[in-house]
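Dumped data-v9.txt below, it's compact mmCIF, C-alpha atoms:
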```txt
# COMPACT_ATOMS: atom_id res chain seq x y z
CA MET P 62 56.58 -31.64 -15.20
CA ILE P 63 56.21 -29.93 -11.82
CA LYS P 64 58.54 -26.99 -11.38
CA PRO P 65 60.62 -26.66 -8.18
CA PRO P 66 58.87 -24.80 -5.32
CA GLU P 67 61.92 -22.55 -4.70
CA LEU P 68 61.35 -20.97 -8.08
CA LEU P 69 57.80 -20.03 -7.15
CA SER P 70 58.59 -18.76 -3.67
CA LYS P 71 61.29 -16.54 -5.19
CA LYS P 72 58.88 -15.19 -7.79
CA LEU P 73 56.33 -14.51 -5.06
CA GLY P 74 58.93 -12.57 -3.06
CA LEU P 75 58.92 -15.12 -0.26
CA THR P 76 61.85 -16.53 1.69
CA PHE P 77 60.92 -19.34 4.02
CA ASN P 78 62.84 -20.30 7.14
CA ASN P 79 61.31 -23.73 6.81
CA PRO P 80 60.60 -24.31 3.13
CA GLU P 81 58.60 -27.42 4.15
CA TRP P 82 55.69 -25.11 4.96
CA PHE P 83 55.70 -23.80 1.41
CA VAL P 84 55.94 -27.29 -0.10
CA LEU P 85 53.04 -28.39 2.11
CA ALA P 86 50.99 -25.41 0.90
CA LEU P 87 51.41 -26.65 -2.69
CA THR P 88 50.46 -30.23 -1.84
CA HIS P 89 46.92 -31.19 -2.82
CA ARG P 90 44.95 -33.72 -0.82
CA SER P 91 45.16 -36.16 -3.74
CA MET P 92 48.74 -36.74 -2.49
CA GLY P 93 47.52 -38.25 0.76
CA ALA P 94 47.12 -37.31 4.39
CA LYS P 95 49.92 -34.73 4.42
CA ASN P 96 48.32 -32.00 2.36
CA ASN P 97 47.52 -28.29 2.31
CA GLU P 98 44.00 -28.39 3.75
CA ARG P 99 44.90 -27.30 7.27
CA LEU P 100 47.05 -24.45 5.95
CA GLU P 101 44.19 -23.43 3.68
CA PHE P 102 41.89 -23.22 6.71
CA LEU P 103 44.37 -20.90 8.41
CA GLY P 104 45.08 -18.88 5.25
CA ASP P 105 41.41 -18.40 4.47
CA SER P 106 40.85 -16.83 7.88
CA ILE P 107 43.84 -14.46 7.79
CA LEU P 108 42.91 -13.42 4.26
CA GLY P 109 39.39 -12.54 5.40
CA PHE P 110 40.80 -10.41 8.17
CA VAL P 111 43.52 -8.65 6.17
CA ILE P 112 41.12 -7.63 3.42
CA ALA P 113 38.53 -6.56 6.00
CA GLU P 114 41.08 -4.31 7.67
CA ALA P 115 42.37 -2.90 4.38
CA LEU P 116 38.82 -2.01 3.32
CA PHE P 117 37.98 -0.61 6.75
CA GLU P 118 40.90 1.79 6.43
CA LYS P 119 40.52 2.60 2.75
CA PHE P 120 36.82 3.44 3.00
CA PRO P 121 36.19 5.17 6.34
CA GLN P 122 32.69 6.19 5.26
CA ALA P 123 31.53 2.83 3.92
CA SER P 124 28.89 0.94 5.86
CA GLU P 125 29.39 -2.61 7.07
CA GLY P 126 27.16 -3.83 4.23
CA VAL P 127 29.29 -2.11 1.61
CA LEU P 128 32.50 -3.41 3.21
CA SER P 129 31.08 -6.95 3.14
CA ARG P 130 30.16 -6.72 -0.51
CA LEU P 131 33.54 -5.23 -1.39
CA ARG P 132 35.28 -8.05 0.41
CA ALA P 133 33.13 -10.70 -1.28
CA SER P 134 34.10 -9.18 -4.62
CA LEU P 135 37.83 -9.54 -3.80
CA VAL P 136 37.81 -12.78 -1.84
CA ASN P 137 36.01 -15.51 -3.71
CA GLN P 138 37.09 -18.67 -5.46
CA GLU P 139 37.19 -17.14 -8.93
CA SER P 140 39.11 -14.05 -7.90
CA LEU P 141 41.66 -16.11 -5.93
CA ALA P 142 42.03 -18.58 -8.79
CA ASP P 143 42.70 -15.64 -11.12
CA LEU P 144 45.46 -14.40 -8.83
CA ALA P 145 46.88 -17.92 -8.64
CA ARG P 146 46.83 -18.18 -12.44
CA HIS P 147 48.49 -14.79 -12.76
CA HIS P 148 51.38 -16.13 -10.68
CA HIS P 149 51.38 -19.51 -12.52
CA ILE P 150 50.85 -21.35 -9.25
CA GLY P 151 49.30 -24.25 -11.18
CA ASP P 152 52.74 -25.14 -12.61
CA TYR P 153 54.04 -25.84 -9.11
CA LEU P 154 51.15 -27.78 -7.57
CA ILE P 155 51.93 -31.17 -6.15
CA LEU P 156 49.01 -33.34 -7.21
CA GLY P 157 48.22 -37.05 -7.09
CA SER P 158 48.31 -38.82 -10.46
CA GLY P 159 44.50 -38.81 -10.83
CA GLU P 160 44.24 -35.04 -10.35
CA LEU P 161 47.26 -34.53 -12.55
CA LYS P 162 45.68 -36.45 -15.44
CA SER P 163 42.33 -34.72 -15.10
CA GLY P 164 43.98 -31.28 -15.20
CA GLY P 165 43.62 -30.44 -11.49
CA TYR P 166 46.30 -27.74 -11.82
CA ARG P 167 43.82 -25.71 -13.85
CA ARG P 168 40.84 -26.14 -11.53
CA ALA P 169 39.68 -22.95 -9.80
CA SER P 170 39.00 -24.61 -6.44
CA ILE P 171 42.46 -26.24 -6.31
CA LEU P 172 44.22 -23.03 -7.35
CA SER P 173 42.28 -20.89 -4.90
CA ASP P 174 42.88 -23.35 -2.05
CA ALA P 175 46.62 -23.44 -2.77
CA LEU P 176 46.85 -19.66 -2.71
CA GLU P 177 45.11 -19.57 0.68
CA ALA P 178 47.37 -22.37 1.90
CA ILE P 179 50.42 -20.28 0.94
CA MET P 180 49.06 -17.55 3.22
CA GLY P 181 48.73 -20.11 6.01
CA ALA P 182 52.31 -21.24 5.37
CA ILE P 183 53.59 -17.67 5.68
CA ILE P 184 51.88 -17.27 9.08
CA GLN P 185 53.38 -20.51 10.33
CA ASP P 186 56.80 -19.64 9.04
CA GLN P 187 56.98 -15.90 9.63
CA GLY P 188 54.06 -14.71 11.71
CA ILE P 189 51.06 -12.50 11.10
CA GLU P 190 52.74 -9.22 10.18
CA ASN P 191 54.76 -10.65 7.28
CA CYS P 192 51.74 -12.54 6.07
CA LYS P 193 49.63 -9.40 6.21
CA THR P 194 52.21 -7.42 4.23
CA TRP P 195 52.36 -10.12 1.57
CA ILE P 196 48.58 -10.34 1.22
CA VAL P 197 48.18 -6.57 0.97
CA GLN P 198 50.86 -6.53 -1.72
CA LEU P 199 49.14 -9.37 -3.59
CA PHE P 200 45.89 -7.39 -3.61
CA THR P 201 47.43 -3.93 -4.17
CA GLU P 202 46.08 -3.46 -7.68
CA ARG P 203 42.66 -4.84 -6.90
CA LEU P 204 42.36 -2.73 -3.77
CA ALA P 205 43.49 0.36 -5.67
CA GLY P 206 40.96 -0.35 -8.41
CA LEU P 207 37.96 -0.40 -6.06
CA ARG P 208 35.54 2.48 -6.30
CA LEU P 209 32.72 2.92 -3.83
CA ASP P 210 30.12 4.15 -6.34
CA ASN P 211 28.84 0.75 -7.42
CA TRP P 212 28.80 -0.72 -3.95
CA GLN P 213 27.23 2.03 -1.91
CA LYS P 214 23.72 0.84 -2.44
CA ASP P 215 22.56 -2.68 -1.81
CA PRO P 216 20.46 -4.48 -4.45
CA LYS P 217 17.18 -4.00 -2.54
CA THR P 218 17.71 -0.25 -2.35
CA ARG P 219 18.73 -0.04 -5.99
CA LEU P 220 15.66 -2.02 -7.07
CA GLN P 221 13.38 0.13 -4.94
CA GLU P 222 14.86 3.31 -6.40
CA TYR P 223 14.56 1.93 -9.91
CA MET P 224 10.86 1.29 -9.38
CA GLN P 225 10.16 4.56 -7.60
CA ALA P 226 11.93 6.58 -10.28
CA ARG P 227 9.45 5.12 -12.77
CA GLN P 228 6.51 5.61 -10.43
CA PHE P 229 5.88 1.88 -10.29
CA ASP P 230 4.81 -0.02 -7.20
CA VAL P 231 7.73 -1.13 -5.06
CA PRO P 232 8.52 -4.87 -5.13
CA GLY P 233 7.16 -7.25 -2.52
CA TYR P 234 9.24 -9.69 -0.49
CA THR P 235 7.78 -12.88 0.94
CA LEU P 236 9.57 -15.36 3.16
CA ILE P 237 9.18 -18.75 1.47
CA SER P 238 11.11 -21.02 3.82
CA GLU P 239 13.55 -21.17 6.68
CA GLU P 240 15.59 -24.35 7.04
CA GLY P 241 18.57 -25.80 8.81
CA LEU P 242 20.16 -25.83 12.23
CA PRO P 243 20.10 -22.64 14.35
CA HIS P 244 23.61 -21.49 13.45
CA GLU P 245 23.47 -22.49 9.79
CA LYS P 246 20.03 -21.62 8.58
CA THR P 247 19.09 -21.01 4.98
CA PHE P 248 16.32 -18.57 4.17
CA LYS P 249 14.38 -18.31 0.93
CA VAL P 250 12.64 -15.09 0.03
CA GLU P 251 10.62 -14.35 -3.05
CA CYS P 252 10.82 -10.93 -4.64
CA SER P 253 7.88 -10.22 -6.89
CA ILE P 254 6.88 -7.39 -9.17
CA VAL P 255 3.29 -7.86 -10.21
CA LEU P 256 3.48 -5.32 -12.98
CA PHE P 257 6.32 -7.17 -14.73
CA ASP P 258 4.88 -10.56 -13.89
CA GLN P 259 8.28 -11.48 -12.47
CA LYS P 260 9.22 -13.54 -9.43
CA PHE P 261 12.66 -14.48 -8.17
CA ILE P 262 13.61 -16.56 -5.18
CA GLY P 263 16.77 -15.57 -3.36
CA THR P 264 18.59 -17.64 -0.76
CA GLY P 265 20.84 -16.57 2.06
CA VAL P 266 21.96 -17.21 5.60
CA SER P 267 19.57 -14.59 6.91
CA ARG P 268 16.22 -13.25 5.78
CA LYS P 269 17.89 -9.95 4.92
CA LYS P 270 20.53 -11.64 2.77
CA ALA P 271 17.93 -13.74 0.99
CA GLU P 272 15.96 -10.55 0.23
CA GLN P 273 19.09 -8.89 -1.15
CA HIS P 274 19.81 -11.93 -3.25
CA ALA P 275 16.27 -11.98 -4.64
CA ALA P 276 16.51 -8.25 -5.40
CA GLU P 277 19.81 -8.87 -7.16
CA LEU P 278 18.28 -11.55 -9.38
CA MET P 279 15.42 -9.19 -10.23
CA LEU P 280 17.86 -6.39 -11.09
CA LYS P 281 19.78 -8.72 -13.40
CA LYS P 282 16.59 -9.69 -15.18
CA ILE P 283 15.63 -6.04 -15.57
CA ALA P 284 19.12 -5.15 -16.86
CA LYS P 285 18.91 -7.98 -19.39
CA GLU P 286 15.42 -7.04 -20.58
CA SER P 287 16.23 -3.38 -20.90
CA LYS P 288 19.39 -3.79 -22.99
CA MET C 136 20.13 3.08 33.33
CA ILE C 137 23.17 2.53 31.12
CA LYS C 138 26.35 1.98 33.10
CA PRO C 139 29.50 3.96 32.19
CA PRO C 140 31.71 2.29 29.54
CA GLU C 141 34.88 2.77 31.65
CA LEU C 142 33.49 0.33 34.17
CA LEU C 143 33.09 -2.34 31.51
CA SER C 144 36.46 -1.79 29.86
CA LYS C 145 38.10 -2.10 33.28
CA LYS C 146 36.23 -5.33 34.01
CA LEU C 147 37.26 -6.68 30.61
CA GLY C 148 40.90 -5.89 31.36
CA LEU C 149 41.07 -3.26 28.63
CA THR C 150 42.72 0.15 28.69
CA PHE C 151 42.01 2.24 25.63
CA ASN C 152 44.23 5.01 24.33
CA ASN C 153 41.17 6.43 22.64
CA PRO C 154 38.15 5.38 24.68
CA GLU C 155 35.95 6.64 21.82
CA TRP C 156 36.62 3.35 20.02
CA PHE C 157 35.20 1.43 22.95
CA VAL C 158 32.16 3.69 23.22
CA LEU C 159 31.57 3.26 19.50
CA ALA C 160 31.76 -0.53 19.89
CA LEU C 161 28.89 -0.36 22.40
CA THR C 162 26.75 1.86 20.21
CA HIS C 163 23.95 0.05 18.39
CA ARG C 164 22.74 1.17 14.98
CA SER C 165 19.45 2.26 16.56
CA MET C 166 21.46 5.29 17.78
CA GLY C 167 22.03 6.49 14.23
CA ALA C 168 24.74 6.58 11.62
CA LYS C 169 27.64 6.51 14.10
CA ASN C 170 27.33 2.95 15.31
CA ASN C 171 29.29 -0.25 15.89
CA GLU C 172 28.58 -2.01 12.59
CA ARG C 173 31.90 -1.24 10.92
CA LEU C 174 33.82 -2.32 14.01
CA GLU C 175 31.76 -5.49 14.14
CA PHE C 176 32.79 -6.26 10.55
CA LEU C 177 36.43 -5.88 11.54
CA GLY C 178 36.03 -7.77 14.82
CA ASP C 179 34.21 -10.67 13.20
CA SER C 180 37.10 -11.21 10.82
CA ILE C 181 39.88 -11.05 13.43
CA LEU C 182 37.89 -13.38 15.68
CA GLY C 183 37.59 -15.93 12.88
CA PHE C 184 41.33 -15.81 12.35
CA VAL C 185 42.39 -15.90 16.01
CA ILE C 186 40.22 -18.93 16.76
CA ALA C 187 41.38 -20.63 13.55
CA GLU C 188 44.99 -20.17 14.59
CA ALA C 189 44.38 -21.29 18.17
CA LEU C 190 42.69 -24.48 16.94
CA PHE C 191 45.37 -25.07 14.31
CA GLU C 192 48.00 -25.05 17.07
CA LYS C 193 46.00 -26.90 19.69
CA PHE C 194 45.04 -29.77 17.41
CA PRO C 195 47.97 -30.48 15.09
CA GLN C 196 46.38 -33.75 13.93
CA ALA C 197 42.89 -32.43 13.24
CA SER C 198 41.74 -32.21 9.63
CA GLU C 199 40.49 -28.99 8.08
CA GLY C 200 36.92 -30.32 8.39
CA VAL C 201 37.30 -30.92 12.12
CA LEU C 202 38.91 -27.50 12.63
CA SER C 203 36.00 -25.86 10.79
CA ARG C 204 33.43 -27.63 12.91
CA LEU C 205 35.31 -26.80 16.11
CA ARG C 206 35.43 -23.16 15.12
CA ALA C 207 31.75 -23.07 14.24
CA SER C 208 31.01 -24.48 17.69
CA LEU C 209 32.96 -21.64 19.35
CA VAL C 210 32.15 -18.76 17.04
CA ASN C 211 28.44 -18.45 16.47
CA GLN C 212 25.80 -15.96 17.55
CA GLU C 213 24.61 -17.97 20.54
CA SER C 214 28.07 -18.69 21.87
CA LEU C 215 29.15 -15.06 21.50
CA ALA C 216 25.95 -13.82 23.11
CA ASP C 217 26.62 -16.17 26.04
CA LEU C 218 30.09 -14.69 26.46
CA ALA C 219 28.62 -11.19 26.26
CA ARG C 220 26.02 -12.08 28.90
CA HIS C 221 28.69 -13.59 31.12
CA HIS C 222 30.45 -10.19 31.07
CA HIS C 223 27.15 -8.27 31.46
CA ILE C 224 27.82 -6.37 28.26
CA GLY C 225 24.08 -5.78 27.87
CA ASP C 226 24.15 -3.36 30.83
CA TYR C 227 26.49 -1.06 28.92
CA LEU C 228 24.97 -1.07 25.46
CA ILE C 229 24.06 2.28 23.98
CA LEU C 230 20.73 1.71 22.29
CA GLY C 231 18.11 3.93 20.68
CA SER C 232 14.89 4.33 22.65
CA GLY C 233 12.98 1.82 20.53
CA GLU C 234 15.54 -0.95 21.06
CA LEU C 235 15.80 -0.02 24.71
CA LYS C 236 12.07 -0.43 25.25
CA SER C 237 11.88 -3.71 23.36
CA GLY C 238 14.74 -5.18 25.43
CA GLY C 239 17.45 -4.99 22.77
CA TYR C 240 20.14 -5.32 25.44
CA ARG C 241 19.04 -8.94 25.90
CA ARG C 242 18.91 -9.87 22.22
CA ALA C 243 21.51 -12.43 21.12
CA SER C 244 22.28 -10.72 17.82
CA ILE C 245 22.88 -7.32 19.45
CA LEU C 246 25.04 -8.81 22.22
CA SER C 247 27.06 -10.92 19.82
CA ASP C 248 27.59 -7.97 17.44
CA ALA C 249 28.74 -5.73 20.32
CA LEU C 250 31.28 -8.30 21.47
CA GLU C 251 32.71 -8.52 17.95
CA ALA C 252 32.72 -4.74 17.72
CA ILE C 253 34.78 -4.58 20.92
CA MET C 254 37.36 -6.79 19.18
CA GLY C 255 37.36 -4.38 16.25
CA ALA C 256 37.83 -1.46 18.66
CA ILE C 257 40.85 -3.15 20.24
CA ILE C 258 42.50 -3.57 16.82
CA GLN C 259 41.91 0.07 15.97
CA ASP C 260 43.17 1.25 19.32
CA GLN C 261 45.98 -1.19 20.04
CA GLY C 262 46.76 -3.32 17.00
CA ILE C 263 46.43 -6.98 16.16
CA GLU C 264 48.65 -8.54 18.81
CA ASN C 265 46.82 -7.03 21.79
CA CYS C 266 43.51 -7.92 20.22
CA LYS C 267 44.65 -11.48 19.66
CA THR C 268 45.80 -11.83 23.26
CA TRP C 269 42.47 -10.51 24.53
CA ILE C 270 40.42 -12.85 22.33
CA VAL C 271 42.48 -15.91 23.30
CA GLN C 272 41.98 -14.98 26.95
CA LEU C 273 38.23 -14.54 26.43
CA PHE C 274 38.04 -18.02 24.94
CA THR C 275 40.55 -19.71 27.28
CA GLU C 276 38.03 -21.88 29.09
CA ARG C 277 36.13 -22.82 25.97
CA LEU C 278 39.30 -23.68 24.11
CA ALA C 279 40.55 -25.71 27.05
CA GLY C 280 37.25 -27.57 27.24
CA LEU C 281 37.38 -28.78 23.64
CA ARG C 282 37.99 -32.47 23.09
CA LEU C 283 38.57 -33.89 19.65
CA ASP C 284 36.61 -37.11 20.17
CA ASN C 285 33.20 -35.78 19.24
CA TRP C 286 34.46 -33.79 16.29
CA GLN C 287 36.78 -36.22 14.62
CA LYS C 288 34.09 -37.81 12.58
CA ASP C 289 31.74 -35.83 10.44
CA PRO C 290 28.00 -36.59 10.47
CA LYS C 291 28.10 -38.47 7.15
CA THR C 292 30.82 -40.80 8.42
CA ARG C 293 29.03 -41.33 11.73
CA LEU C 294 25.78 -42.14 9.95
CA GLN C 295 27.52 -44.53 7.60
CA GLU C 296 29.23 -46.30 10.49
CA TYR C 297 25.97 -46.50 12.41
CA MET C 298 24.30 -48.22 9.46
CA GLN C 299 27.21 -50.52 8.69
CA ALA C 300 27.52 -51.61 12.32
CA ARG C 301 23.93 -52.82 12.05
CA GLN C 302 24.48 -54.41 8.65
CA PHE C 303 21.95 -52.06 7.08
CA ASP C 304 22.30 -50.51 3.63
CA VAL C 305 24.22 -47.24 3.69
CA PRO C 306 22.18 -44.07 3.17
CA GLY C 307 21.79 -42.49 -0.25
CA TYR C 308 22.45 -38.81 -1.05
CA THR C 309 20.74 -37.03 -3.93
CA LEU C 310 21.37 -33.48 -5.07
CA ILE C 311 17.98 -31.76 -5.08
CA SER C 312 18.89 -28.25 -6.16
CA GLU C 313 21.70 -25.77 -6.66
CA GLU C 314 20.80 -22.11 -6.49
CA GLY C 315 22.30 -18.65 -6.23
CA LEU C 316 25.14 -16.61 -7.65
CA PRO C 317 28.51 -18.32 -8.29
CA HIS C 318 30.15 -17.20 -5.05
CA GLU C 319 27.12 -17.64 -2.83
CA LYS C 320 25.42 -20.81 -3.95
CA THR C 321 23.08 -22.87 -1.83
CA PHE C 322 22.90 -26.61 -2.34
CA LYS C 323 20.14 -28.96 -1.22
CA VAL C 324 20.84 -32.61 -0.80
CA GLU C 325 18.45 -35.33 0.30
CA CYS C 326 19.65 -38.09 2.56
CA SER C 327 17.40 -41.11 2.45
CA ILE C 328 17.27 -44.44 4.24
CA VAL C 329 14.76 -46.67 2.50
CA LEU C 330 14.65 -49.17 5.35
CA PHE C 331 13.57 -46.52 7.88
CA ASP C 332 11.35 -44.75 5.36
CA GLN C 333 13.13 -41.53 6.29
CA LYS C 334 14.23 -38.60 4.15
CA PHE C 335 15.92 -35.39 5.20
CA ILE C 336 16.95 -32.44 3.11
CA GLY C 337 20.12 -30.63 4.13
CA THR C 338 21.26 -27.26 2.89
CA GLY C 339 24.74 -25.80 2.64
CA VAL C 340 27.09 -23.60 0.67
CA SER C 341 28.57 -26.64 -1.05
CA ARG C 342 27.25 -30.04 -2.04
CA LYS C 343 29.49 -31.62 0.61
CA LYS C 344 28.17 -29.33 3.33
CA ALA C 345 24.58 -29.98 2.32
CA GLU C 346 25.24 -33.74 2.52
CA GLN C 347 26.74 -33.34 5.98
CA HIS C 348 23.78 -31.29 7.08
CA ALA C 349 21.33 -33.89 5.75
CA ALA C 350 23.29 -36.64 7.53
CA GLU C 351 23.19 -34.60 10.73
CA LEU C 352 19.40 -34.27 10.54
CA MET C 353 19.10 -38.03 9.97
CA LEU C 354 21.36 -38.75 12.96
CA LYS C 355 19.22 -36.51 15.16
CA LYS C 356 16.08 -38.32 14.08
CA ILE C 357 17.71 -41.69 14.80
CA ALA C 358 18.91 -40.48 18.21
CA LYS C 359 15.40 -39.30 19.03
CA GLU C 360 13.73 -42.52 17.90
CA SER C 361 16.16 -44.76 19.71
CA LYS C 362 15.85 -43.08 23.09
```
How would this structure read if it were set down as structure tokens?
Amino acid sequence: MIKPPELLSKKLGLTFNNPEWFVLALTHRSMGAKNNERLEFLGDSILGFVIAEALFEKFPQASEGVLSRLRASLVNQESLADLARHHHIGDYLILGSGELKSGGYRRASILSDALEAIMGAIIQDQGIENCKTWIVQLFTERLAGLRLDNWQKDPKTRLQEYMQARQFDVPGYTLISEEGLPHEKTFKVECSIVLFDQKFIGTGVSRKKAEQHAAELMLKKIAKESK
Amino acid sequence: MIKPPELLSKKLGLTFNNPEWFVLALTHRSMGAKNNERLEFLGDSILGFVIAEALFEKFPQASEGVLSRLRASLVNQESLADLARHHHIGDYLILGSGELKSGGYRRASILSDALEAIMGAIIQDQGIENCKTWIVQLFTERLAGLRLDNWQKDPKTRLQEYMQARQFDVPGYTLISEEGLPHEKTFKVECSIVLFDQKFIGTGVSRKKAEQHAAELMLKKIAKESK
């Protein structure tokens, strides 16, 4: 049984001038053409900005790389789905019968999309400032819980320092491939440590990001082996 | 010779309360630790939102997929670098001597980053609303020039329709690989048309996006062959 949207908006501290926006935000595409996908597009973009700004202010010394990693740790499907679950948003989703039967109200992607769509609905109904305030409130605990220590150094730097501290050779990075259209390329870079006989291939939208990803995989392997 | 920043801010229609923000936005990382990277992070995120909102309002019938593609066509390194060149931002960049010698003021990535950093500087100096107004003005012509026709249909749909119109078999899509950490996966999908003896591998952050990319590559090949 789907619970009434008013109950959820009240719990979320929201009062809509046009409650239709909120209902639309809860409506999955399995219900037909009138669904929350456009609002999700809008919500996703305001969320990215609001968290960027909050981090920019909270950590005046953090580099762009650190800010990016912090944001990725707060804004991703799993983290948004967790927030949605915390607020029982699944109980209020308006799903087509197929999605309903297959448990769509529990699916991370559907929950995360609905939460972003709610943000889009707030902008449409009440403008940016109110939406910003609501998002910051939603993330208050998570923002407060962030500590810079673990994010200061990127994986490549941490791996390099790990190796140097042990007087081992530093890892090598080799570009394996570069594919895709100019503005949506995918790079593959291999990180190898001869001494350990280990190789990991990282992927990313730039060579740098692929290197970081490869370094991250290597660090995970090392952490696992050294437990 | 680097031109004075005041000249540029005036040309861009900007008056800063603290001109230091604007100077910082023009300062490349080759100048040292005090550079425009943090502002670029902030500017990139507000830009994504402002264009999302403008498109959301301009095209009330467009699907989320169409809005995403429209935004990607407006907000990408090349398009931003073009805008930066149009406003001669390169003449005002504050670069380290190495970047200066190697022509950094002409490089697309540096120009595009500086333009985003200017947006970040406006937020810091004057708040969201002024920044939004400035961005919308910057993109006025490009926004006005957008027509839905070419964006309504995604590559996969266009390819399918192309094949069906000729009574050919529709193309097949096969997932080749799925790599990376949970929140930054890369998918590879192969699009194949047996009749043409053609195969293309697309990459993307989701299976859907990789399919679209593969379809796009196939469409390009077909367009080339049928000229």
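Relative to atom CA of Ala123 of chain P, atom CA of Glu141 of chain C is found at 27.9 Å.
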Go through chain C residue by residue and, counting all atoms listed in the file, keep those with an atom at most 7 Å from chain P; for each kept residue give the shortest atom pair and its distance in Å to one decimal, ordered by chain and increasing number, as CSV.
```
residue,atom,partner,partner_atom,distance
C:Glu172,CA,P:Glu125,CA,5.6
C:Arg173,CA,P:Glu125,CA,4.8
C:Phe176,CA,P:Glu125,CA,6.1
C:Leu177,CA,P:Ala113,CA,6.0
C:Ser180,CA,P:Phe110,CA,4.6
C:Ile181,CA,P:Phe110,CA,5.4
C:Gly183,CA,P:Ser106,CA,6.0
C:Phe184,CA,P:Ser106,CA,4.6
C:Ala187,CA,P:Leu103,CA,6.0
C:Glu188,CA,P:Leu103,CA,6.3
C:Ser198,CA,P:Arg99,CA,6.3
C:Glu199,CA,P:Arg99,CA,4.8
C:Asn211,CA,P:His244,CA,6.5
C:Gly315,CA,P:Thr264,CA,6.7
C:His318,CA,P:Asn137,CA,6.2
C:Thr321,CA,P:Thr264,CA,7.0
C:Gly337,CA,P:Gly241,CA,6.9
C:Thr338,CA,P:Gly241,CA,6.7
```
Pick out the closest residue to Leu209 of chain P from this set: P:Asn78, P:Leu87, P:Phe120, P:Leu73. Count all atoms listed in the file. P:Phe120
Pair the Cα atoms of chain C and chain P in order, fit the first onto the second, and let me know the RMSD in Å. 0.1 Å
Can you work out which one of P:Ser158, P:Gln221, P:Gln228, P:Ser238 has the shortest atom-to-atom distance to Ser91 of chain P, counting all atoms listed in the file? P:Ser158
Box time for segment 136-143 of chain P: axis-aligned, enclosing all its listed atoms, 3 Å extra on each side; report centre and edge lengths in Å to one decimal, as lines of an AutoDock Vina configuration file.
```
center_x = 39.4
center_y = -15.7
center_z = -6.5
size_x = 12.7
size_y = 11.9
size_z = 15.3
```
Serialized segment 226-244 of chain P w/ C-alpha atoms as an mmCIF file, in the first residue's frame:
```cif
data_model
loop_
_atom_site.group_PDB
_atom_site.id
_atom_site.type_symbol
_atom_site.label_atom_id
_atom_site.label_comp_id
_atom_site.auth_asym_id
_atom_site.auth_seq_id
_atom_site.Cartn_x
_atom_site.Cartn_y
_atom_site.Cartn_z
ATOM 1 C CA ALA P 226 58.751 4.299 2.857
ATOM 2 C CA ARG P 227 59.766 0.680 2.261
ATOM 3 C CA GLN P 228 62.569 1.650 -0.112
ATOM 4 C CA PHE P 229 60.898 -0.198 -2.969
ATOM 5 C CA ASP P 230 60.826 0.998 -6.557
ATOM 6 C CA VAL P 231 57.923 3.328 -7.281
ATOM 7 C CA PRO P 232 55.098 1.857 -9.392
ATOM 8 C CA GLY P 233 54.952 2.339 -13.143
ATOM 9 C CA TYR P 234 51.946 3.643 -15.062
ATOM 10 C CA THR P 235 51.341 2.763 -18.702
ATOM 11 C CA LEU P 236 48.567 4.091 -20.897
ATOM 12 C CA ILE P 237 46.806 1.033 -22.328
ATOM 13 C CA SER P 238 44.045 2.617 -24.390
ATOM 14 C CA GLU P 239 42.135 5.779 -25.113
ATOM 15 C CA GLU P 240 38.646 5.394 -26.549
ATOM 16 C CA GLY P 241 35.479 7.292 -27.259
ATOM 17 C CA LEU P 242 34.357 10.626 -28.612
ATOM 18 C CA PRO P 243 36.386 13.768 -27.764
ATOM 19 C CA HIS P 244 34.167 14.918 -24.903
#
```
